[in-house]
Each structure stands twice: as C-alpha cells, then as structure tokens.
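Visitor: Quick one: structure below, then a few questions.
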Amino acid sequence: MEFFQRLVKTLLGKTVSIDGKTVCATANMATFKSPLHIASAFVVQHGITIGQLAAEAKSNEIPAVQELIGLLNIEGATIVADALNCQKKTVKTILSGGADYVLAVKKNQRNLYDDITEIVDFKRNNKVEEREAPLEKYSKTEKGHGRIEKRTAYVTHDVEWLLKREKWAGLQSIGAIETPNETRYYISSRALSAEQLLEFTRQEWAVESMHWQLDVLFGEDIVN
C-alpha cells in the first residue's frame, strides 16, 4: 500500500473513489468460507488504486472501508462513496485524515434520507423566500453508452434544521442529482456548488470502471 501512495505524492485537490467488490472467482476456493470482498481506494485524476483491503464477505465492507481510510494518507482529498458507506464513523474517519467527503444517501440511513428529501424536494417544488437559503441548480446534458442523458444537480447549504445533524461530523451541504430515471441524494463536508456536486457524483463511478476491467480483462468474476 505504501508503494502506491508514493506514486501519488499528494492527494491535495484529488478525488478518491472508494467502493467494495466481490471477487466471484474465489467462491470455490477452499481458503475462503465465502467469496472474498475487497474494498478499494481509487484516485480518479491519476487512474490508480492506492490501497485495497480484503473482507471475507460484503457484509464486512463497512469496517473494511473505515480501516482502509485510516491506513491511507488522504489529507487534502475528497472521498466519494456509495450509500453503503454513508456511516457516521466513516465520516469521522475521513475528517480525521484531513479529507472531505461526498457520500450518497439512501434509506439505510432512514432519518437522514427522510430529512434530506423533505428539504431538497420542498425547495425544488416551492418558491423559497429570499431570507431562506436558496437551492442552487445546475444541469448538463451528456452523451455516453449510446444515449443522451440530462442530469440536474441541486444543492443547498441550509442544513441547520436537519435532525441530529451534529452526528454527521462536518456536514456543510446536502443535495440531489436528478436524471430521467431517478433522483439520488447526497451529503458533503464541503460547501459545494451544484456544478461541483454533479462532477463529484460522476467521479464516484470511476472505481466501478476499474472493477469492470478486473472482471472483464482479468476474469475476477469467473467462477471455476
């Protein structure tokens, strides 16, 4: 792990996408009771994985990710991750390492999810008074994978009335990404603009591209 960190001398201003992957090829190996699950930290701007940590099952990904973050020098980076890793302890670990976070939020954090959807959706659908924190909006139409998709980001720094917000260390902004098929919600320790949220959520998928290469080019998804 130290070798790869030396290749990336500083993570200042960089985005680190963190996610777990089940190595299906290990399913029938006598060494493991269940398929091996690996958490990876991928530096988007360099296209390089700087750290990996194994867990014996997907259910153990959360503590594996927390341990991985603690082992890495992430000072100055922004950590992006999926909703599974939207955890209070994970947030504290990221901030302790001198980094920021942009994390997806789903119903596994039910109270937080309900509060964010209520705030963002209300501001999206109603006229907000001038004295209230505005909901910033930014849209971008992109072409990829044979289709054209419009993605719209919404961000507000109005987090004061989130219930138990103090449990989410460093929380500065909340937002949403709207596509024709769904709306996804996010929290961040940065006072993001809507354009920045759109960019960070795109970068979240960079680690998935790396996982795809491992499956397709190196056969990690093939069970013998």
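All residue names refer to the structure tokens as shown: chains lettered A, B, ... in order, residues numbered from 1 in each chain, ligands numbered from 1 in order.
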Can you tell me which residues surround A:Glu160 at a distance of at most 12 Å, considering only C-alpha atoms, apart from same-chain residues fewer than 4 positions away, and format the answer as a CSV table (one decimal) with C-alpha atoms, in the first residue's frame?
Guide:
```csv
chain,number,residue,atom,x,y,z
A,115,ASP,CA,-34.8,14.9,6.2
A,116,ILE,CA,-32.8,15.5,3.0
A,119,ILE,CA,-35.7,19.8,2.5
A,132,GLU,CA,-34.1,31.4,3.3
A,133,ALA,CA,-31.0,29.6,1.9
A,156,THR,CA,-28.4,23.8,-0.5
A,164,LYS,CA,-29.4,15.2,14.7
A,165,ARG,CA,-27.1,16.9,12.1
A,166,GLU,CA,-24.4,17.1,14.8
A,171,LEU,CA,-21.8,18.5,7.3
A,172,GLN,CA,-21.9,21.6,5.1
A,173,SER,CA,-24.2,20.9,2.3
A,174,ILE,CA,-26.9,18.5,1.0
```
Visitor: Which residues, written as a list in words, have at least one atom at most 9 Å from A:Thr90, with only C-alpha atoms counted and residues fewer than 2 positions away on the same chain left out?
Guide: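 Non-adjacent residues within range: Ile62, Pro63, Val65, Gln66, Ile69, Asn85, Cys86, Gln87, Lys88, Lys92, Thr93, Ile94 and Leu95 of chain A.
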Visitor: May I have the residues from that selection written out with C-alpha atoms, as a PDB file, in the first residue's frame?
Guide:
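The file below, result09.pdb, is the result:
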```pdb
ATOM      1  CA  ILE A  62     -18.208  -1.046   6.076  1.00  0.00           C
ATOM      2  CA  PRO A  63     -15.496  -1.736   8.690  1.00  0.00           C
ATOM      3  CA  VAL A  65     -13.568   0.720   4.243  1.00  0.00           C
ATOM      4  CA  GLN A  66     -13.171   2.514   7.571  1.00  0.00           C
ATOM      5  CA  ILE A  69      -9.304   5.077   5.021  1.00  0.00           C
ATOM      6  CA  ASN A  85     -20.541   3.689   3.255  1.00  0.00           C
ATOM      7  CA  CYS A  86     -22.607   6.651   4.392  1.00  0.00           C
ATOM      8  CA  GLN A  87     -21.843   5.947   8.051  1.00  0.00           C
ATOM      9  CA  LYS A  88     -21.205   8.263  10.999  1.00  0.00           C
ATOM     10  CA  LYS A  92     -15.358  10.922  11.303  1.00  0.00           C
ATOM     11  CA  THR A  93     -12.527   8.766   9.938  1.00  0.00           C
ATOM     12  CA  ILE A  94     -12.422  10.810   6.723  1.00  0.00           C
ATOM     13  CA  LEU A  95     -12.325  14.125   8.572  1.00  0.00           C
TER      14      LEU A  95
END
```
Visitor: List the spatial neighbours of A:Ser96 as number ranges by chain - criterion: any atom at most 12 Å away, only C-alpha atoms, same-chain residues fewer than 4 positions off excluded.
Guide: A: 66, 69-76, 89-92, 100-101, 169-170
Visitor: Tell me, as an MDAnalysis selection string, which residues lie within 8 Å of A:Leu68, counting only C-alpha atoms; anything in the same chain fewer than 6 positions away does not count.
Guide: chainID A and resid 39 41 51:53
Visitor: The selected residues should be written to file as a tab-separated table (two decimals), in the first residue's frame (atoms: N, CA and C atoms).
Guide:
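Dumped everything to again_5.tsv:
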```tsv
chain	number	residue	atom	x	y	z
A	39	ALA	N	-12.28	-3.94	-0.59
A	39	ALA	CA	-12.53	-2.50	-0.63
A	39	ALA	C	-11.33	-1.83	-1.28
A	41	ALA	N	-9.49	1.89	-2.89
A	41	ALA	CA	-9.43	3.36	-2.94
A	41	ALA	C	-8.76	3.75	-4.25
A	51	GLY	N	-4.85	1.76	-2.59
A	51	GLY	CA	-5.00	0.88	-1.43
A	51	GLY	C	-6.16	-0.06	-1.58
A	52	GLN	N	-6.01	-1.27	-1.06
A	52	GLN	CA	-7.07	-2.26	-1.03
A	52	GLN	C	-7.03	-3.00	0.29
A	53	LEU	N	-8.21	-3.42	0.75
A	53	LEU	CA	-8.29	-4.19	1.98
A	53	LEU	C	-9.38	-5.24	1.81
```
Visitor: How many Å lie between atom CA of A:Lys106 and atom CA of A:Glu118, rounded to one decimal?
Guide: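 Atom-to-atom, atom CA of A:Lys106 to atom CA of A:Glu118, that is 13.3 Å.
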Visitor: Just asking: which residues within stretch 13-117 of chain A are strand (DSSP E or B) according to DSSP, as number ranges by chain?
Guide: A: 15-23, 36-43, 48-55, 78-81, 100-105
Visitor: With C-alpha atoms retained, could you export that selection as an mmCIF file, in the first residue's frame?
Guide:
```cif
data_model
loop_
_atom_site.group_PDB
_atom_site.id
_atom_site.type_symbol
_atom_site.label_atom_id
_atom_site.label_comp_id
_atom_site.auth_asym_id
_atom_site.auth_seq_id
_atom_site.Cartn_x
_atom_site.Cartn_y
_atom_site.Cartn_z
ATOM 1 C CA THR A 15 -10.863 12.776 -5.618
ATOM 2 C CA VAL A 16 -10.632 9.307 -4.104
ATOM 3 C CA SER A 17 -13.472 6.967 -5.050
ATOM 4 C CA ILE A 18 -13.966 4.126 -2.570
ATOM 5 C CA ASP A 19 -16.076 1.027 -3.121
ATOM 6 C CA GLY A 20 -16.152 -2.692 -2.475
ATOM 7 C CA LYS A 21 -16.151 -5.570 -4.967
ATOM 8 C CA THR A 22 -16.862 -9.251 -4.537
ATOM 9 C CA VAL A 23 -14.213 -11.416 -6.223
ATOM 10 C CA LEU A 36 -13.631 -12.601 -0.960
ATOM 11 C CA HIS A 37 -14.783 -8.978 -0.846
ATOM 12 C CA ILE A 38 -12.236 -6.207 -1.446
ATOM 13 C CA ALA A 39 -12.532 -2.503 -0.634
ATOM 14 C CA SER A 40 -10.515 -0.288 -2.993
ATOM 15 C CA ALA A 41 -9.431 3.355 -2.942
ATOM 16 C CA PHE A 42 -9.067 4.750 -6.464
ATOM 17 C CA VAL A 43 -7.556 8.175 -7.257
ATOM 18 C CA ILE A 48 -4.596 4.395 -9.974
ATOM 19 C CA THR A 49 -5.635 2.319 -6.966
ATOM 20 C CA ILE A 50 -3.642 3.401 -3.907
ATOM 21 C CA GLY A 51 -4.996 0.885 -1.432
ATOM 22 C CA GLN A 52 -7.075 -2.259 -1.034
ATOM 23 C CA LEU A 53 -8.292 -4.186 1.983
ATOM 24 C CA ALA A 54 -9.988 -7.565 1.995
ATOM 25 C CA ALA A 55 -13.036 -8.692 3.935
ATOM 26 C CA THR A 78 -12.309 14.490 -1.284
ATOM 27 C CA ILE A 79 -13.636 10.984 -0.623
ATOM 28 C CA VAL A 80 -16.644 9.850 -2.657
ATOM 29 C CA ALA A 81 -18.524 6.648 -1.876
ATOM 30 C CA ASP A 100 -13.620 15.889 2.896
ATOM 31 C CA TYR A 101 -16.491 13.644 1.866
ATOM 32 C CA VAL A 102 -19.280 13.478 -0.695
ATOM 33 C CA LEU A 103 -21.485 10.482 0.144
ATOM 34 C CA ALA A 104 -24.651 9.091 -1.374
ATOM 35 C CA VAL A 105 -27.613 8.737 0.990
#
```
Visitor: Go through A:Pro134, A:Pro180, A:Gly47, A:Gly98 and flag the residue nearest A:Asp158, using only C-alpha atoms for the distances.
Guide: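 Going through A:Pro134, A:Pro180, A:Gly47, A:Gly98 one by one, the smallest distance to A:Asp158 is for A:Pro134.
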Visitor: Take atom CA of A:Glu149 and atom CA of A:Thr179 and report the distance between them in Å, one decimal.
Guide: 7.3 Å
Visitor: Have a look at atom CA of A:Gly97 and atom CA of A:Gln196 and let me know their distance in Å, one decimal.
Guide: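 If I compute the distance from atom CA of A:Gly97 to atom CA of A:Gln196, I get 21.7 Å.
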Visitor: Tell me, as a PyMOL selection string, which residues lie within 12 Å of A:Leu198, counting only C-alpha atoms; anything in the same chain fewer than 2 positions away does not count.
Guide: chain A and resi 102+136-142+150-155+175-179+184-186+192-196+200-205
Visitor: Rank nothing, just name the residue among A:Trp161, A:Asp121, A:Gln109, A:Thr10 nearest to A:Thr183, using only C-alpha atoms.
Guide: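 Result for the nearest residue to A:Thr183: A:Asp121.
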